[in-house]
Amino acid sequence: MARSSYTNRNNDYRGRKIFLITAFILLAGLAVWRLFSSRSSVEPHQSPTNTAVAQANAEAPPAPVITNISEKPQKLPAKTNNAKPEQVRRKPAIEPAPAAAKSGKAEKLLSEGRAAMERQDYITARKKISQAMAVGLPKQKVKLAESLINRISDFWLFSRRLFPNDSHCRRYRVASGDLLVNIGKKFDVPYQILMRINDIKKPSSLRAGQNIKVVQGPFHAVVDRSRFMMYVYLGDVLVRVYPVSTGKPGRETPVGRWLVEAGKKQINPAWTDPDTGRQFYPDDKENPLGERWIGLKGLDGNAKGRTGFGIHGTIEPEKIGTAASRGCVRLLNKDVEELYDMLTEGKSRVQVGYE
């Protein structure tokens with residue numbers, strides 16, 4: 001009986017020992033499993049520096065999205081400490097009209113005209129520079145072109161010289177009974193321009209058999225109100241450029257096409273001020289018309305049917321280049337005297353407008 005009790009106790013002891021060993025093994029396995037599980041949640045070789053870079057990348061704004069496949073990615077501008085971030089500007093898919101191309105063509109024509117002028121080929125020079133101005137020069141080159149036109153015309157037009165390939169001028173042999181005024185009518189120019197070109201002091205000095213230079217007219221003019229300039233043409237060739245004064249606010253020079261009215265050109269004109277009734281007589285130094293009057297008749301536009309307007313000289317040269325007249329076009333006296341000799345009554349037209 002005692003032996004049986006001892007055996008039961010010994011078996012109970014062994015059972016407890018096995019249980020404890022098994023529990024220990026289970027606990028040890030659980031601990032090892034938890035240890036490896038916690039290590040696997042951290043990225044291997046993750047340094048503090050790499051972590052900061054990763055955070056910075058996570059916070060950076062996304063790169064700009066290019067929605068048009070025809071556009072190229074553009075680099076963002078470099079930032080300074082005080083600079084504000086700028087938006088990325090992209091070129092439009094369709095470029096505007098190439099104004100630079102027109103400007104380049106005009107400047108090329110101007111350069112060719114200057115080269116022709118240097119070799120005294122004034123016919124080519126006038127053509128090239130006239131074309132350059134018609135195409136459209138940059139503003140900084142316009143004044144140069146205008147001055148060159150005036151200089152070139154002194155050679156090919158306002159002189160006795162004739163040049164090859166000049167379709168506007170030729171030699172004319174005076175026949176018996178010819179009068180200078182009739183020769184002018186034959187070529188649609190005032191006889192005064194023939195006197196000026198050929199340095200004829202008096203019309204009565206013309207002699208049969210004499211060779212003179214004549215011009216095939218008529219001349220026409222364009223007034224640019226925006227720039228206060230007048231451009232005189234012979235055909236498509238620009239001949240002269242003059243500064244002018246036009247109508248002041250409220251009395252603007254009417255825009256439109258005008259005709260130099262027959263019988264309305266006067267040298268040393270008299271004039272009655274329609275506002276005050278004051279009369280100005282020839283040779284009056286206070287006569288606002290100066291030394292010449294070229295009467296105009298409105299043909300179309302705002303000028304249609306208008307009368308009483310004209311081109312004349314001035315006693316206020318300091319106001320040329322401004323809007324200062326009562327509606328007429330004013331020129332410096334020396335300029336209007338030359339213009340008077342070019343414009344033909346009933347033939348020459350004057351276009352008033354904007355550039």
# chains A, B, ... in the order shown; residues from 1 in each chain; ligands from 1

$ residues_around --residues "Gly290 (chain A)" --least-positions-apart "3" --cutoff "9 Å" --atoms "only C-alpha atoms" --output "VMD selection string"
chain A and resid 268 to 269 283 to 287 293 312 to 315 332 to 333

$ select_by_dssp --residues "region 121-291 of chain A" --states "helix (DSSP H, G or I)" --output "count of residues only"
50

$ closest_atom_pairs --of "region 143-251 of chain A" --to "region 299-311 of chain A" --cutoff "10 Å" --atoms "only C-alpha atoms" --output "CSV"
residue,atom,partner,partner_atom,distance
A:Val244,CA,A:Ile311,CA,9.6
A:Ser245,CA,A:Ile311,CA,9.9
A:Thr246,CA,A:Ile311,CA,9.7

$ write_last_selection --atoms "N, CA and C atoms" --output "compact mmCIF listing (two decimals), in the first residue's frame"
# COMPACT_ATOMS: atom_id res chain seq x y z
N VAL A 244 3.68 117.74 -90.65
CA VAL A 244 2.50 118.58 -90.84
C VAL A 244 1.83 118.85 -89.50
N SER A 245 0.90 119.77 -89.53
CA SER A 245 -0.02 119.99 -88.41
C SER A 245 -1.43 119.74 -88.93
N THR A 246 -2.26 119.09 -88.11
CA THR A 246 -3.64 118.81 -88.51
C THR A 246 -4.60 119.45 -87.51

$ residues_around --residues "Ile183 (chain A)" --least-positions-apart "6" --cutoff "10 Å" --atoms "only C-alpha atoms" --output "PyMOL selection string"
chain A and resi 172+174+189-191+194+214

$ residues_around --residues "Leu157 (chain A)" --least-positions-apart "6" --cutoff "9 Å" --atoms "only C-alpha atoms" --output "list in words"
His168, Cys169, Ile197, Val215 and Val239 of chain A

$ residues_around --residues "Asp341 (chain A)" --least-positions-apart "4" --cutoff "12 Å" --atoms "only C-alpha atoms" --output "ChimeraX atom specification"
/A:158,184,188-197,217-219,265-267,292-294,334-337,345,348

$ atom_distance --atom1 "CA of Arg326 (chain A)" --atom2 "CA of Gln351 (chain A)"
18.0 Å

$ residues_around --residues "Ala101 (chain A)" --least-positions-apart "4" --cutoff "12 Å" --atoms "only C-alpha atoms" --output "list in words"
Pro96, Ala97, Lys105, Ala106, Glu107, Lys108, Val135, Gly136, Leu137 and Pro138 of chain A

$ closest_residue --among "A:Val237, A:Ala134, A:Val350, A:Ile212" --to "Ser159 (chain A)" --atoms "only C-alpha atoms"
A:Ile212

$ atom_distance --atom1 "CA of Ile149 (chain A)" --atom2 "CA of Val329 (chain A)"
21.5 Å

$ select_by_dssp --residues "region 113-245 of chain A" --states "strand (DSSP E or B)" --output "PyMOL selection string"
chain A and resi 169-173+211-215+219-224+229-234+237-243+245
